[in-house]
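Peer 1: Can you read through this structure? Questions will come right after.
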Amino acid sequence: MSAFSRPVLLLLAGLLLFTTSMAVLNTLVPLWLIHESLTTWQVGIVGSSYFGGNLLGTLVAGFCISTLGFNRTYYYSCALFIAATLLLGVSVGFVSWSLWRLLAGVACAVIWVVVESALLRSGTIKTRGLLLAAYMVIYYAGTLIGQLLLGVVPTNLSDILPWVIGLLLLAVLPLLFARFPKPEHADKKLSVWLMCRRRDARLGIVGCIISGVVIGSLYGLLPIYLSHAGYRDADVGSWITLMVGAGIVGQLPAGKLVERYGRVFVLRIQVFAIIVSSMVIISGYPLAPALFILGFSGFTLYPVAMAWACEKVDTSELITMNQTLLLSYTVGSLAGPALTATLMQHYSDRLLFVVIAVAAAIFLIMLFNRAQHHRNPLAMQ
């Protein structure tokens, strides 16, 4: 039986539409605020509100799913995101927009947990890696489509809101024709903290943190590195597109390699490739192949690490573990850029890739030192 059943395909279709609208807003909200003459620190606070909402949404997602089920949680989260988006058009203000973006961040995180958990519960141990790879392909494809839309539709707040709201309403439709069973009554003792303490899933959790550090730093700081290196804005966009495109290309091959060689082996190769490509960029060699390899390996790390950690838990624990992994990724994507930006400010822009290489090296050491202590054979890891 194929891993991509009709409900799974419909779920991914909804995610594509939702991610496209989310990507448009994530790019335009800071620009709208700047046009309204808000200060840089105020724009930063509004952006941080969104990520703060991600953290909050990750923590409440499990309760929502266990209470409402996958479908209704998805519907209500889309409705919350639509409401937060509509409220952007009411007034452009620092306090109000911080609140609306906080709500949008909550809705996004809950939807991510819904989609990831539903996919994990729909697959087997052997197919979860492939399903999560497809999930990441759809996510990054939606991100790229959202950026391409900005060159087609008007970008004024009043002009683009109808487009975004329309996409969000369309994102609800696929789930009306796909039913995911409500999870059975879960153990009330389960918590994110208990999942963090599990030794057998620790490397998967650390892998998600490292993935957050790598991807968060690249998304947030690579444009600054390229701009300071003398590239024009249009060129910067092309390099980012190359990197994200490499991540899309790498998802399904990574899933196939996991099925054949095991997750530990693939994680080691991914992390080693991150280190090598980072060092190549630091050394001043041609940027294109190094950035392609960095995107190919860095953007495929999260689904492989997630699939490994989720393999270690029972089906009834998948939602809680998924919350833990998404929370770990979010923490990495917040802490990594904050530390790296400080180092770049005081020393050199090249420290962006030094931090990425060091973080990857730490994880590589853990993979070689601890992987052999896990009970499952390598082929199953």
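Identifiers in this document derive from the order of the structure tokens: chains are assigned A, B, ..., residues are numbered from 1 separately in each chain, and ligands are numbered from 1 in order of occurrence.
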Using only C-alpha atoms, which residues sit within 6 Å of region 320-332 of chain A once same-chain residues fewer than 6 positions away are excluded, as number ranges by chain?
Peer 2: A: 58, 192, 205, 208-209, 212-213
Peer 1: Could you pull the residues within 7 Å of region 108-123 of chain A, counting only C-alpha atoms, minus those fewer than 5 positions along the same chain, as a PyMOL selection string?
Peer 2: chain A and resi 3+8+54+57-58+61+70+74+77+128+131+315+318-319+322-323
Peer 1: Return the single residue from A:Thr155, A:Asp235, A:Gly146, A:Ile275 that is closest to Ala290 (chain A), with distances computed using only C-alpha atoms.
Peer 2: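 Under the stated criterion, the closest residue is A:Ile275.
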Peer 1: When you draw a straight line from CA of Ser37 (chain A) to CA of Leu87 (chain A), how long is it in Å?
Peer 2: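 The value is 19.3 Å.
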Peer 1: My list of candidates is A:Met195, A:Leu17, A:Leu68, A:Leu173. Which is closest to Val313 (chain A) when distances are computed with only C-alpha atoms?
Peer 2: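 Ranking A:Met195, A:Leu17, A:Leu68, A:Leu173 by distance to Val313 (chain A), first place goes to A:Met195.
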Peer 1: Excluding Ala171 (chain A) and residues on its chain fewer than 6 positions from it, collect all residues at most 10 Å away from it, counting only C-alpha atoms, and give them as a short mmCIF file (atom, residue, chain, number, x, y, z; two decimals) with C-alpha atoms, in the first residue's frame.
Peer 2:
data_model
loop_
_atom_site.label_atom_id
_atom_site.label_comp_id
_atom_site.auth_asym_id
_atom_site.auth_seq_id
_atom_site.Cartn_x
_atom_site.Cartn_y
_atom_site.Cartn_z
CA LEU A 10 -5.24 16.19 0.55
CA LEU A 11 -3.48 17.16 3.78
CA LEU A 12 -0.34 18.10 1.84
CA ALA A 13 -2.44 20.10 -0.64
CA GLY A 14 -3.92 22.12 2.23
CA LEU A 15 -0.44 22.67 3.67
CA LEU A 16 0.82 23.97 0.31
CA LEU A 17 -1.91 26.62 0.14
CA PHE A 18 -1.48 27.59 3.78
CA THR A 19 2.32 27.84 3.52
CA THR A 20 2.08 29.99 0.40
CA SER A 21 -0.08 32.57 2.17
CA TYR A 74 -6.84 22.30 11.65
CA TYR A 75 -10.08 24.17 10.84
CA CYS A 78 -6.88 28.22 9.94
CA ILE A 165 -7.43 35.38 2.66
#
Peer 1: So, with only C-alpha atoms as the atoms that count, which of A:Ala254, A:Leu170, A:Leu144, A:Leu161 lies closest to Ile240 (chain A)?
Peer 2: A:Leu144
Peer 1: Identify which of the residues A:Leu59, A:Ile269, A:Val249, A:Ala307 lies closest to Val137 (chain A), counting only C-alpha atoms when measuring atom-to-atom distances.
Peer 2: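 Answer, going by the shortest atom-to-atom distance: A:Val249.
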Peer 1: Between A:Pro253, A:Leu351, A:Val271, A:Ala359, single out the one closest to Ala133 (chain A), counting only C-alpha atoms.
Peer 2: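 Distance minimum relative to Ala133 (chain A) lands on A:Pro253.
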Peer 1: Going by DSSP on the backbone, which bits of region 52-222 of chain A are helix (DSSP H, G or I)? Write them as a ChimeraX atom specification, please.
Peer 2: /A:52-68,70-87,94-122,128-149,157-176,192-196,202-222
Peer 1: Near region 364-367 of chain A, within 10 Å and counting only C-alpha atoms, which residues show up once chain neighbours fewer than 4 positions away are dropped, as a list in words?
Peer 2: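 In the requested format, the answer is Leu203, Gly204, Val206, Gly207, Val264, Phe265, Leu267, Arg268, Ile269, Gln270, Val271, Phe272, Ile275, Val358, Ala359, Ala360, Ala371 and Gln372 of chain A.
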Peer 1: Counting only C-alpha atoms, which of A:Phe63, A:Tyr76, A:Leu157, A:Arg198 gets nearest to Pro30 (chain A)?
Peer 2: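 Ranking A:Phe63, A:Tyr76, A:Leu157, A:Arg198 by distance to Pro30 (chain A), first place goes to A:Leu157.
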Peer 1: Need to verify the contact set: region 255-261 of chain A, 7 Å, only C-alpha atoms, exclusion of same-chain residues closer than 4 positions in sequence. Can you return it as a list in words?
Peer 2: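 So the residues in contact are Lys126, Gly129, Leu130, Ala133, Gln251, Phe265, Val266 and Ala379 of chain A.
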